[in-house]
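**Student:** Dropping in my_file23.cif, which is mmCIF, C-alpha atoms:
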```cif
data_structure
#
loop_
_atom_site.label_atom_id
_atom_site.label_comp_id
_atom_site.auth_asym_id
_atom_site.auth_seq_id
_atom_site.Cartn_x
_atom_site.Cartn_y
_atom_site.Cartn_z
CA MET A 1 50.55 218.40 -115.66
CA LYS A 2 49.19 218.66 -112.13
CA THR A 3 50.83 216.70 -109.35
CA SER A 4 48.48 213.75 -109.00
CA ALA A 5 46.92 212.93 -105.67
CA LEU A 6 47.58 209.34 -106.59
CA GLY A 7 51.28 210.14 -106.41
CA ARG A 8 54.00 208.25 -108.28
CA ILE A 9 55.13 204.72 -107.80
CA ALA A 10 57.95 203.02 -109.69
CA LEU A 11 56.78 199.56 -109.06
CA ALA A 12 57.47 196.05 -109.73
CA ALA A 13 54.60 193.63 -109.54
CA GLY A 14 50.88 192.96 -109.76
CA VAL A 15 47.90 190.65 -109.14
CA ALA A 16 45.86 189.52 -112.12
CA VAL A 17 42.27 188.39 -112.42
CA LEU A 18 41.74 185.81 -115.15
CA THR A 19 38.43 186.39 -116.87
CA ALA A 20 36.67 184.70 -119.74
CA GLY A 21 37.59 187.55 -122.07
CA ALA A 22 38.02 191.29 -122.41
CA LEU A 23 35.56 193.77 -123.80
CA PRO A 24 36.71 195.18 -127.14
CA ALA A 25 38.09 198.70 -127.04
CA THR A 26 36.80 201.40 -129.34
CA ALA A 27 38.81 201.91 -132.52
CA HIS A 28 39.55 205.43 -133.69
CA ALA A 29 37.92 206.54 -136.92
CA ASP A 30 40.88 205.51 -139.07
CA ASP A 31 41.24 202.18 -137.20
CA SER A 32 44.90 202.96 -136.60
CA LYS A 33 44.47 203.69 -132.90
CA VAL A 34 42.49 201.94 -130.19
CA GLU A 35 41.03 204.31 -127.61
CA ARG A 36 39.81 202.44 -124.56
CA LYS A 37 37.02 204.30 -122.77
CA THR A 38 38.10 204.15 -119.13
CA LEU A 39 36.07 205.11 -116.09
CA PRO A 40 37.97 205.78 -112.83
CA VAL A 41 35.55 205.68 -109.90
CA MET A 42 36.35 206.83 -106.37
CA VAL A 43 34.60 204.63 -103.83
CA GLU A 44 34.35 204.90 -100.07
CA PHE A 45 32.98 202.52 -97.47
CA SER A 46 30.48 202.95 -94.67
CA ASP A 47 33.39 203.06 -92.21
CA ALA A 48 36.29 204.46 -94.31
CA SER A 49 36.65 207.61 -96.42
CA PHE A 50 39.41 209.35 -98.37
CA GLN A 51 41.62 211.57 -96.25
CA ASP A 52 41.38 214.30 -98.90
CA ALA A 53 38.72 213.34 -101.45
CA ASP A 54 38.89 216.72 -103.23
CA ALA A 55 42.61 216.33 -103.92
CA VAL A 56 42.17 212.78 -105.22
CA LYS A 57 39.32 213.86 -107.48
CA ALA A 58 41.27 216.83 -108.80
CA GLY A 59 44.39 214.81 -109.60
CA THR A 60 42.92 211.56 -110.90
CA PRO A 61 42.05 212.73 -114.46
CA ASP A 62 45.67 213.81 -115.05
CA THR A 63 46.97 210.50 -113.71
CA TYR A 64 44.82 208.51 -116.12
CA PHE A 65 44.42 210.81 -119.13
CA GLY A 66 46.87 213.72 -118.85
CA THR A 67 49.35 214.77 -121.52
CA GLY A 68 52.35 214.63 -119.19
CA LYS A 69 54.81 211.73 -119.44
CA ASP A 70 53.61 210.25 -116.13
CA SER A 71 50.01 209.65 -117.20
CA LEU A 72 48.55 206.28 -118.14
CA ALA A 73 47.41 207.61 -121.52
CA SER A 74 50.85 209.01 -122.38
CA PHE A 75 52.58 205.78 -121.36
CA PHE A 76 50.39 203.58 -123.53
CA THR A 77 50.55 206.01 -126.45
CA GLU A 78 54.35 205.90 -126.35
CA VAL A 79 54.88 202.20 -125.68
CA SER A 80 52.37 201.18 -128.39
CA ARG A 81 53.74 203.81 -130.79
CA GLY A 82 50.36 205.45 -131.11
CA GLN A 83 48.31 202.28 -131.51
CA TYR A 84 46.62 202.22 -128.08
CA THR A 85 45.65 204.64 -125.35
CA THR A 86 43.06 205.32 -122.67
CA VAL A 87 40.44 208.06 -122.94
CA PRO A 88 37.94 209.33 -120.34
CA ALA A 89 34.50 207.77 -120.45
CA VAL A 90 32.94 210.84 -118.81
CA GLU A 91 33.65 214.52 -119.35
CA GLU A 92 34.86 215.03 -115.76
CA GLY A 93 37.35 212.19 -116.13
CA VAL A 94 36.35 210.58 -112.81
CA VAL A 95 33.17 209.66 -110.93
CA GLY A 96 32.67 209.86 -107.18
CA PRO A 97 33.25 209.56 -104.39
CA VAL A 98 30.55 206.89 -104.25
CA THR A 99 29.83 205.39 -100.81
CA LEU A 100 29.28 201.64 -101.02
CA PRO A 101 26.89 199.90 -98.57
CA MET A 102 29.67 197.75 -97.09
CA THR A 103 32.43 197.96 -94.53
CA ALA A 104 36.06 198.12 -95.64
CA ALA A 105 37.38 195.12 -93.72
CA GLY A 106 38.26 192.02 -95.71
CA CYS A 107 39.30 193.67 -98.96
CA ASP A 108 36.45 191.98 -100.85
CA HIS A 109 37.33 193.03 -104.40
CA ASN A 110 34.41 191.10 -105.90
CA ARG A 111 31.82 192.88 -103.78
CA ILE A 112 33.51 196.25 -104.34
CA ASN A 113 33.26 195.65 -108.09
CA THR A 114 29.64 194.51 -108.00
CA LEU A 115 28.41 197.36 -105.78
CA THR A 116 30.34 199.94 -107.80
CA ARG A 117 28.77 198.75 -111.05
CA GLU A 118 25.32 198.83 -109.44
CA ALA A 119 25.92 202.41 -108.27
CA LEU A 120 27.08 203.40 -111.75
CA ALA A 121 24.09 201.75 -113.40
CA ALA A 122 21.82 203.79 -111.10
CA ARG A 123 23.51 206.87 -112.58
CA GLY A 124 22.91 205.63 -116.12
CA LEU A 125 26.49 204.39 -116.72
CA VAL A 126 26.59 200.84 -118.08
CA MET A 127 29.63 198.65 -118.72
CA GLY A 128 30.10 197.97 -122.43
CA GLU A 129 27.97 200.93 -123.45
CA ASP A 130 29.25 203.97 -121.58
CA TYR A 131 32.67 202.63 -120.57
CA GLU A 132 34.96 199.73 -121.47
CA SER A 133 37.33 199.71 -118.49
CA LEU A 134 36.34 200.19 -114.86
CA SER A 135 39.07 201.33 -112.47
CA VAL A 136 37.97 201.42 -108.83
CA ILE A 137 40.01 203.70 -106.54
CA PHE A 138 39.51 203.35 -102.80
CA PRO A 139 41.18 204.31 -99.49
CA ALA A 140 43.26 201.59 -97.88
CA GLN A 141 42.31 202.31 -94.30
CA LYS A 142 40.67 199.30 -92.66
CA THR A 143 40.58 197.16 -95.84
CA GLY A 144 43.55 194.95 -94.98
CA CYS A 145 44.40 194.55 -98.69
CA ALA A 146 47.81 192.94 -99.31
CA TRP A 147 48.21 194.71 -102.66
CA ALA A 148 48.33 198.22 -104.12
CA GLY A 149 46.61 197.23 -107.34
CA LEU A 150 44.62 194.38 -108.84
CA GLY A 151 43.74 193.69 -112.47
CA SER A 152 41.77 191.18 -114.53
CA VAL A 153 43.85 189.12 -117.01
CA PRO A 154 42.62 189.85 -119.60
CA GLY A 155 39.60 191.96 -118.87
CA PRO A 156 38.11 195.35 -118.08
CA TYR A 157 38.62 195.68 -114.31
CA THR A 158 41.29 197.25 -112.12
CA TRP A 159 41.27 197.99 -108.41
CA ILE A 160 43.63 200.68 -107.05
CA ASN A 161 44.30 200.64 -103.31
CA LEU A 162 45.69 204.08 -102.49
CA TYR A 163 47.26 203.32 -99.09
CA GLY A 164 45.80 206.73 -98.36
CA THR A 165 48.14 208.67 -100.70
CA ALA A 166 50.32 206.33 -102.82
CA GLY A 167 49.64 205.07 -106.31
CA GLY A 168 50.43 206.29 -109.80
CA LEU A 169 51.68 205.18 -113.19
CA GLY A 170 53.68 202.19 -111.98
CA VAL A 171 50.62 200.56 -110.46
CA LEU A 172 48.17 201.73 -113.13
CA GLY A 173 50.34 200.73 -116.09
CA HIS A 174 51.00 197.34 -114.58
CA GLU A 175 47.34 196.60 -113.88
CA PHE A 176 46.23 197.80 -117.30
CA GLY A 177 48.96 195.54 -118.69
CA HIS A 178 47.17 192.67 -116.99
CA ASN A 179 43.97 193.84 -118.71
CA LEU A 180 45.78 193.32 -122.03
CA GLY A 181 46.42 189.69 -121.13
CA LEU A 182 49.94 190.05 -119.73
CA GLY A 183 51.04 188.07 -116.69
CA HIS A 184 54.03 188.68 -114.45
CA GLN A 185 57.22 188.40 -116.46
CA GLY A 186 59.68 186.17 -114.64
CA ARG A 187 63.32 185.35 -115.22
CA SER A 188 64.96 182.03 -116.15
CA MET A 189 68.57 181.70 -115.00
CA CYS A 190 70.46 179.61 -117.58
CA THR A 191 74.08 180.08 -116.56
CA ASP A 192 75.59 177.25 -118.60
CA GLY A 193 74.36 178.69 -121.89
CA ASP A 194 71.95 175.86 -122.62
CA LEU A 195 68.23 176.54 -122.35
CA VAL A 196 67.46 172.97 -121.31
CA ASP A 197 68.93 173.71 -117.87
CA CYS A 198 67.32 176.83 -116.41
CA THR A 199 65.99 177.83 -113.01
CA SER A 200 63.14 180.26 -112.39
CA ASN A 201 64.45 183.13 -110.27
CA GLY A 202 62.81 186.49 -109.68
CA THR A 203 61.49 188.91 -112.26
CA SER A 204 62.87 190.20 -115.53
CA ALA A 205 63.32 193.97 -114.96
CA LYS A 206 62.86 194.33 -118.74
CA SER A 207 59.16 195.10 -118.51
CA LEU A 208 56.66 196.95 -116.38
CA MET A 209 55.16 193.48 -115.89
CA GLY A 210 58.45 192.18 -114.48
CA GLY A 211 59.51 194.84 -112.00
CA GLY A 212 61.20 197.17 -114.50
CA GLY A 213 58.85 200.09 -113.85
CA PRO A 214 57.24 202.29 -116.51
CA ALA A 215 60.62 203.27 -117.99
CA ALA A 216 61.09 199.67 -119.16
CA GLY A 217 57.84 199.65 -121.16
CA PHE A 218 56.96 196.15 -122.35
CA SER A 219 59.18 193.42 -123.80
CA ALA A 220 58.95 192.06 -127.36
CA PRO A 221 56.80 188.99 -126.54
CA GLU A 222 54.40 191.24 -124.64
CA MET A 223 54.29 193.64 -127.59
CA ILE A 224 53.44 190.66 -129.81
CA ARG A 225 50.69 189.62 -127.38
CA ALA A 226 49.25 193.15 -127.45
CA GLY A 227 49.32 193.23 -131.26
CA TRP A 228 51.66 196.23 -131.39
CA LEU A 229 54.30 194.74 -133.70
CA SER A 230 53.43 194.44 -137.38
CA GLY A 231 54.25 191.43 -139.53
CA SER A 232 57.59 192.81 -140.70
CA GLU A 233 58.50 193.98 -137.19
CA ALA A 234 58.10 190.58 -135.49
CA VAL A 235 59.61 188.06 -137.88
CA LYS A 236 58.68 184.42 -137.49
CA VAL A 237 61.98 182.72 -138.28
CA ASP A 238 61.60 179.60 -140.42
CA ALA A 239 65.17 179.24 -141.68
CA SER A 240 68.72 179.71 -140.39
CA GLY A 241 70.19 183.08 -141.25
CA THR A 242 71.52 186.46 -140.15
CA TYR A 243 69.07 189.16 -139.10
CA THR A 244 69.36 192.87 -138.29
CA LEU A 245 67.30 194.25 -135.40
CA ARG A 246 66.48 197.85 -134.61
CA SER A 247 65.62 198.96 -131.08
CA LEU A 248 62.29 197.66 -129.81
CA HIS A 249 60.86 201.04 -128.79
CA GLY A 250 62.69 203.21 -131.33
CA ALA A 251 61.12 205.19 -134.15
CA GLY A 252 61.15 204.22 -137.80
CA GLU A 253 60.69 200.94 -139.63
CA GLY A 254 62.52 197.64 -139.42
CA THR A 255 62.62 194.29 -137.66
CA ARG A 256 62.23 194.62 -133.89
CA ALA A 257 61.87 191.00 -132.79
CA LEU A 258 62.70 187.49 -133.96
CA ASP A 259 60.11 184.84 -133.13
CA ILE A 260 61.91 181.50 -133.27
CA PRO A 261 60.43 177.97 -132.95
CA MET A 262 61.88 176.04 -130.00
CA GLY A 263 60.09 172.72 -129.65
CA GLU A 264 56.62 173.38 -128.20
CA ASP A 265 57.80 176.81 -127.04
CA ARG A 266 58.99 179.93 -128.83
CA LEU A 267 62.20 181.93 -128.38
CA VAL A 268 61.73 185.67 -128.87
CA VAL A 269 64.83 187.82 -129.38
CA GLU A 270 64.82 191.63 -129.18
CA TYR A 271 67.29 194.52 -129.17
CA ARG A 272 66.83 197.26 -126.54
CA HIS A 273 68.25 200.78 -126.71
CA ALA A 274 67.20 204.12 -125.21
CA ALA A 275 64.22 205.62 -127.05
CA GLY A 276 62.08 208.51 -125.82
CA THR A 277 61.30 208.00 -122.14
CA LEU A 278 61.86 204.23 -122.45
CA ASP A 279 64.88 201.96 -122.03
CA GLY A 280 67.28 204.54 -120.65
CA ALA A 281 68.59 201.84 -118.32
CA ILE A 282 68.40 198.91 -120.76
CA GLU A 283 70.77 198.03 -123.59
CA GLY A 284 71.61 195.00 -125.68
CA VAL A 285 70.05 191.86 -127.15
CA HIS A 286 67.69 189.98 -124.85
CA ALA A 287 65.92 186.65 -125.25
CA TYR A 288 62.66 185.29 -123.81
CA ARG A 289 61.11 181.84 -123.55
CA VAL A 290 57.45 181.82 -124.58
CA PRO A 291 55.76 178.70 -123.18
CA LYS A 292 53.60 176.97 -125.79
CA GLY A 293 52.88 180.19 -127.65
CA ALA A 294 51.61 182.09 -124.56
CA TYR A 295 53.31 185.40 -125.34
CA GLY A 296 51.81 187.06 -122.27
CA SER A 297 53.56 184.53 -120.02
CA SER A 298 57.12 184.94 -121.31
CA SER A 299 60.23 184.83 -119.11
CA LEU A 300 63.58 186.57 -119.61
CA ILE A 301 66.54 184.28 -120.28
CA ASP A 302 69.43 185.41 -118.09
CA MET A 303 72.87 183.86 -118.71
CA THR A 304 74.68 185.75 -115.94
CA GLU A 305 76.25 184.01 -112.96
CA ALA A 306 74.65 186.21 -110.36
CA ASN A 307 71.54 188.30 -109.78
CA LYS A 308 72.84 191.20 -111.86
CA THR A 309 70.10 193.73 -112.48
CA VAL A 310 69.88 197.46 -113.00
CA ALA A 311 68.50 197.74 -109.47
CA ASN A 312 71.85 196.37 -108.24
CA ASP A 313 73.74 199.06 -110.19
CA ALA A 314 74.93 196.62 -112.83
CA ALA A 315 75.67 197.84 -116.35
CA THR A 316 72.60 198.39 -118.53
CA ASP A 317 73.57 195.39 -120.68
CA ALA A 318 74.55 193.12 -117.77
CA ASP A 319 72.02 190.41 -118.67
CA ALA A 320 72.09 190.90 -122.44
CA ILE A 321 72.90 187.70 -124.31
CA THR A 322 75.87 186.99 -126.57
CA ALA A 323 74.97 183.40 -127.46
CA VAL A 324 72.35 180.87 -126.37
CA THR A 325 71.64 177.29 -127.39
CA ASP A 326 68.77 174.93 -126.81
CA THR A 327 70.19 171.47 -127.47
CA ALA A 328 66.78 169.84 -127.10
CA SER A 329 65.34 171.69 -130.11
CA LYS A 330 68.68 172.26 -131.91
CA VAL A 331 68.25 176.04 -131.90
CA SER A 332 71.14 178.49 -131.45
CA VAL A 333 71.33 182.27 -131.42
CA ALA A 334 74.52 184.35 -131.49
CA VAL A 335 74.97 188.11 -131.40
CA VAL A 336 77.37 189.33 -134.08
CA SER A 337 77.19 193.01 -133.12
CA SER A 338 75.08 195.16 -130.85
CA GLY A 339 74.95 198.84 -129.98
CA GLY A 340 74.22 202.33 -131.21
CA GLY A 341 70.67 201.56 -132.25
CA LYS A 342 70.93 198.21 -134.02
CA ALA A 343 72.06 194.61 -133.56
CA THR A 344 73.01 191.80 -135.92
CA VAL A 345 72.04 188.29 -134.85
CA LYS A 346 72.69 184.84 -136.31
CA VAL A 347 70.05 182.13 -135.88
CA SER A 348 70.56 178.41 -136.49
CA LEU A 349 67.66 175.98 -136.61
CA ASP A 350 69.66 172.95 -137.72
CA GLY A 351 71.77 172.16 -134.68
CA GLU A 352 74.83 174.23 -135.54
CA LYS A 353 76.27 175.73 -132.38
CA LEU A 354 77.05 179.38 -133.04
CA SER A 355 79.42 181.70 -131.22
CA ALA A 356 79.14 185.43 -130.73
CA GLY A 357 80.90 187.55 -133.30
CA PRO A 358 84.10 189.44 -132.42
CA SER A 359 82.36 192.80 -132.72
CA ALA A 360 79.54 192.12 -130.27
CA GLY A 361 78.71 195.33 -128.47
CA LYS A 362 80.87 197.45 -130.81
CA THR A 363 78.42 198.78 -133.40
CA THR A 364 78.40 202.56 -133.43
CA ASP A 365 76.03 203.49 -136.26
CA ALA A 366 73.26 205.34 -134.44
CA ASN A 367 71.03 205.66 -137.51
CA PRO A 368 71.25 202.37 -139.37
CA ALA A 369 69.12 201.66 -142.40
CA PRO A 370 66.68 198.87 -141.47
CA ALA A 371 67.30 195.55 -143.14
CA PRO A 372 64.56 194.03 -145.31
CA ALA A 373 62.52 191.64 -143.22
CA PRO A 374 60.79 188.39 -144.16
CA GLU A 375 57.01 188.49 -144.01
CA HIS A 376 55.63 187.74 -140.58
CA THR A 377 52.95 185.06 -140.65
CA GLY A 378 51.13 186.29 -137.56
CA SER A 379 51.17 185.74 -133.81
CA ASP A 380 49.08 184.15 -131.12
CA THR A 381 46.83 186.76 -129.57
CA ASP A 382 44.12 184.53 -128.09
CA ALA A 383 42.42 186.18 -125.16
CA GLY A 384 43.45 183.76 -122.44
CA ASP A 385 47.17 183.20 -122.94
CA GLY A 386 48.65 185.82 -120.67
CA ALA A 387 48.37 184.78 -117.05
CA ALA A 388 49.92 181.43 -116.33
CA ASP A 389 51.74 183.07 -113.41
CA ALA A 390 48.73 184.95 -112.06
CA THR A 391 47.80 184.58 -108.43
CA GLU A 392 44.48 182.80 -108.16
CA VAL A 393 42.08 184.35 -105.67
CA ARG A 394 38.79 182.64 -105.04
CA SER A 395 36.15 184.23 -102.88
CA GLY A 396 32.42 184.19 -102.38
CA GLY A 397 29.94 186.97 -102.88
CA SER A 398 27.39 187.86 -105.49
CA ALA A 399 29.72 189.16 -108.19
CA PRO A 400 28.92 188.09 -111.76
CA ALA A 401 31.04 185.33 -113.29
CA GLU A 402 33.36 187.69 -115.14
CA ASP A 403 34.37 189.41 -111.88
CA THR A 404 35.64 186.30 -110.09
CA THR A 405 38.43 183.72 -110.25
CA ASP A 406 42.06 184.55 -110.96
CA LEU A 407 43.69 187.84 -110.02
CA ALA A 408 47.08 189.49 -110.37
CA ALA A 409 48.07 192.03 -107.66
CA THR A 410 50.54 194.88 -107.34
CA GLY A 411 52.40 195.72 -104.19
CA GLY A 412 52.27 194.16 -100.78
CA GLY A 413 51.10 194.67 -97.27
CA SER A 414 51.83 192.95 -94.00
CA ASN A 415 52.09 189.54 -95.67
CA THR A 416 54.87 190.55 -98.06
CA ALA A 417 58.08 188.55 -97.67
CA PRO A 418 61.44 190.34 -97.26
CA LEU A 419 63.31 191.14 -100.47
CA ALA A 420 66.22 188.85 -99.66
CA ALA A 421 63.89 185.93 -99.06
CA THR A 422 61.95 186.22 -102.30
CA GLY A 423 64.63 187.21 -104.79
CA THR A 424 61.96 189.32 -106.50
CA LEU A 425 62.86 192.73 -107.90
CA LEU A 426 60.84 195.45 -106.21
CA VAL A 427 61.10 199.16 -106.60
CA ALA A 428 60.82 202.18 -104.33
CA ALA A 429 57.42 203.80 -104.02
CA GLY A 430 56.66 207.35 -102.96
CA ALA A 431 58.87 208.43 -100.06
CA GLY A 432 61.21 205.47 -100.12
CA ALA A 433 58.83 202.67 -99.21
CA LEU A 434 59.21 199.37 -101.04
CA VAL A 435 56.44 197.88 -103.11
CA MET A 436 56.89 194.15 -103.21
CA MET A 437 55.44 191.27 -105.12
CA ARG A 438 55.11 187.66 -104.17
CA ARG A 439 54.47 185.27 -107.02
CA ARG A 440 52.22 182.42 -105.99
CA ARG A 441 51.49 179.27 -107.90
CA ARG A 442 47.93 178.14 -108.25
CA ALA A 443 46.70 175.96 -105.42
#
```
Could you show the structure in this file as C-alpha cells?

**Tutor:**
Amino acid sequence: MKTSALGRIALAAGVAVLTAGALPATAHADDSKVERKTLPVMVEFSDASFQDADAVKAGTPDTYFGTGKDSLASFFTEVSRGQYTTVPAVEEGVVGPVTLPMTAAGCDHNRINTLTREALAARGLVMGEDYESLSVIFPAQKTGCAWAGLGSVPGPYTWINLYGTAGGLGVLGHEFGHNLGLGHQGRSMCTDGDLVDCTSNGTSAKSLMGGGGPAAGFSAPEMIRAGWLSGSEAVKVDASGTYTLRSLHGAGEGTRALDIPMGEDRLVVEYRHAAGTLDGAIEGVHAYRVPKGAYGSSSLIDMTEANKTVANDAATDADAITAVTDTASKVSVAVVSSGGGKATVKVSLDGEKLSAGPSAGKTTDANPAPAPAPEHTGSDTDAGDGAADATEVRSGGSAPAEDTTDLAATGGGSNTAPLAATGTLLVAAGAGALVMMRRRRRA
C-alpha cells in the first residue's frame, strides 16, 4: 500500500453530529456484507489551498479503500468480520480539489458541507444515489478548527481537517464509527466493586471510540449497536448461570458477549484476547454499563484504584474485572477463569454475591471448543441511541436540516486542555504530537 498523504494517526477522540437518521448502505449481492459507497472529496477555500494537492489526491484512495491493514476499508472488514466495509463511489476513489466560494476562517462545517454537495450535484453526483457517505477533506490553514475530524451520529457525513499533513485511520475510523451511531466511550471508576457507586473518569481505551486507537477495534456493546454480533454471539441473559466466552474479535463460532439486565440499564460482559491486528494490548474480561439500552453510549467499568491504562504501561489486563456487583438491581458477575482464548463467567440475577474463581487468569487452552449458547432475542439498534456524550454544536447557515445540530469531533487545537487537567486518554499523532479530546456536556 502507498504511504498515504493523509498520514497515520493513532488517536483517541472525536466530535459527533447527531442527525435524524443515516442513509442505508448498499448490501452485497448475498446480503452478507454491507458495502457503503463512500465519496472522499478534497475541498479548498478561496484563501486556502492544499500544500501538496497532488500527493493528497494520490494517497487518499489507499487511505479509504486500500487493501493494506491501515486503510479504512481493511479496518472495518476486520472488525466486523466481513460484514461491513467502505467502497469507492467513483472510479478514481476521490473527487477534487474543489474550490468552495467561501473563506476558510471560522471552520463553518455546515457551509462546507452544503457547498460541497452543491458542487458535487453540479457534476452529476447526488447523495443517496451516487454515494452514501460524504467525507470532506480540507486544509487546516486559516480555518481555526479545534478538531481533526468531525462525524454525524449516526449519519452520512464526515469532515477531515488535515492540519496540512496529518490524518489517517485513527481519525477516519473514529468518525465513521460516529456514522454508525457510536458516541465517545467513557469510563466509570467503581473502585469498591459495587456499580451503584461509580465516577465518570476519562475514556475506556478498549475502543477506537474511547481513545484505544484502531488496534482496539470496537467493544462488545458497540458491536451489538452496529449489528455485528449474531443472536448466539451476544446472549441476552435471562437466568443465573455459568457461561463460556470466546474472544470478541477472534475467529470461529461461540458466545462473545453477555447482555445482562441491570435495572433500566444493561451490563455487557466481553472477553478480549489478541486476534489478527486487534487487541494485541488488551486481555481479560471487561464489563460495560449500557444506559437505558443505548449500546452506542456504553462506558467501561473500571474497578482499579488508579488510572491504570495501557498508555501508562500497565499490564494488558490491568482493568479487566474479576467480580462486580450491582446491589441496586441484585446482579453479580464473577470470572471463574480467563486466558488463552476463552473465559468462564458466572452470572447471578437473584442477589447472590459471587466471588471470582481460584483459577481466574489461569486458563491455557488456546483453542477451546465454544460452549452452546442460549438463543439471543435481539438487540436495540435504533438509529438515535449512540451519542448521548456527543458535543453539541449549533451554528447558522443555509445547510439542510440533516447537516446541523449535534457533532462529535476528533482531535484538538488551541482550545484543547492539557492531558493532566482532563484525565482523558489521548494518543500520539504523526511525529509525536498529541491529539486530544475534550468531552463536553450539552448546554

**Student:** With a distance cut-off of 6 Å and only C-alpha atoms, select the neighbouring residues of stretch 342-352 of chain A, excluding the residue or stretch itself and same-chain residues fewer than 5 positions from it, and output the selection as number ranges by chain.

**Tutor:** A: 240-246, 330-337

**Student:** Grab the atom CA of A:Leu162 to atom CA of A:Leu150 distance for me, in Å with one decimal place.

**Tutor:**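 The value is 11.6 Å.
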
**Student:** With all atoms listed in the file as the atoms that count, which of A:Gly211, A:Asp194, A:Gln51, A:Val90 lies nearest to A:Leu125?

**Tutor:**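 Among A:Gly211, A:Asp194, A:Gln51, A:Val90, it is A:Val90 that comes nearest to A:Leu125.
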
**Student:** List the residues matched by the PyMOL selection byres ((chain A and resi 324) around 9) in the displayed structure as a list of chain:residue names, ordered by chain and then by residue number.

**Tutor:**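 That expression, the PyMOL selection byres ((chain A and resi 324) around 9), corresponds here to A:Gly193, A:Asp194, A:Leu195, A:Ala287, A:Met303, A:Ile321, A:Thr322, A:Ala323, A:Thr325, A:Asp326, A:Val331, A:Ser332, A:Val333, A:Ala334, A:Lys353, A:Leu354, A:Ser355.
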
**Student:** Calculate how many Å separate atom CA of A:Pro291 from atom CA of A:Gly181, rounding to one decimal.

**Tutor:**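 Distance between the two atoms: 14.6 Å.
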
**Student:** With only C-alpha atoms as the counted atoms, please give the residues lying no more than 7 Å from stretch 247-249 of chain A, apart from itself and same-chain residues fewer than 3 positions off, as a list in words.

**Tutor:**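 The residues satisfying every condition are Val79, Ala220, Arg256, Glu270, Tyr271, Arg272, His273, Ala275, Gly341 and Lys342 of chain A.
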
**Student:** With the input short on atoms, add N, CA, C and O atoms back to stretch 321-332 of chain A and write it as a compact mmCIF listing (two decimals), keeping the file's coordinate frame.

**Tutor:**
```txt
# COMPACT_ATOMS: atom_id res chain seq x y z
N ILE A 321 72.28 188.95 -123.86
CA ILE A 321 72.90 187.70 -124.31
C ILE A 321 73.99 187.98 -125.33
O ILE A 321 73.99 188.99 -126.01
N THR A 322 74.93 187.03 -125.44
CA THR A 322 75.87 186.99 -126.57
C THR A 322 75.63 185.74 -127.40
O THR A 322 75.75 185.78 -128.62
N ALA A 323 75.30 184.63 -126.74
CA ALA A 323 74.97 183.40 -127.46
C ALA A 323 74.16 182.49 -126.55
O ALA A 323 74.44 182.40 -125.35
N VAL A 324 73.14 181.85 -127.11
CA VAL A 324 72.35 180.87 -126.37
C VAL A 324 72.08 179.68 -127.27
O VAL A 324 72.01 179.81 -128.49
N THR A 325 71.93 178.52 -126.65
CA THR A 325 71.64 177.29 -127.39
C THR A 325 70.60 176.48 -126.64
O THR A 325 70.61 176.42 -125.41
N ASP A 326 69.69 175.90 -127.38
CA ASP A 326 68.77 174.93 -126.81
C ASP A 326 69.03 173.59 -127.50
O ASP A 326 68.58 173.37 -128.63
N THR A 327 69.79 172.72 -126.84
CA THR A 327 70.19 171.47 -127.47
C THR A 327 69.00 170.56 -127.73
O THR A 327 69.01 169.76 -128.67
N ALA A 328 67.96 170.69 -126.92
CA ALA A 328 66.78 169.84 -127.10
C ALA A 328 66.10 170.09 -128.43
O ALA A 328 65.64 169.16 -129.10
N SER A 329 66.02 171.35 -128.85
CA SER A 329 65.34 171.69 -130.11
C SER A 329 66.32 172.06 -131.22
O SER A 329 65.90 172.42 -132.31
N LYS A 330 67.63 171.98 -130.93
CA LYS A 330 68.68 172.26 -131.91
C LYS A 330 68.60 173.69 -132.45
O LYS A 330 68.78 173.94 -133.64
N VAL A 331 68.33 174.62 -131.53
CA VAL A 331 68.25 176.04 -131.90
C VAL A 331 69.40 176.78 -131.23
O VAL A 331 69.69 176.56 -130.05
N SER A 332 70.07 177.65 -131.99
CA SER A 332 71.14 178.49 -131.45
C SER A 332 70.97 179.91 -131.94
O SER A 332 70.52 180.15 -133.06
```
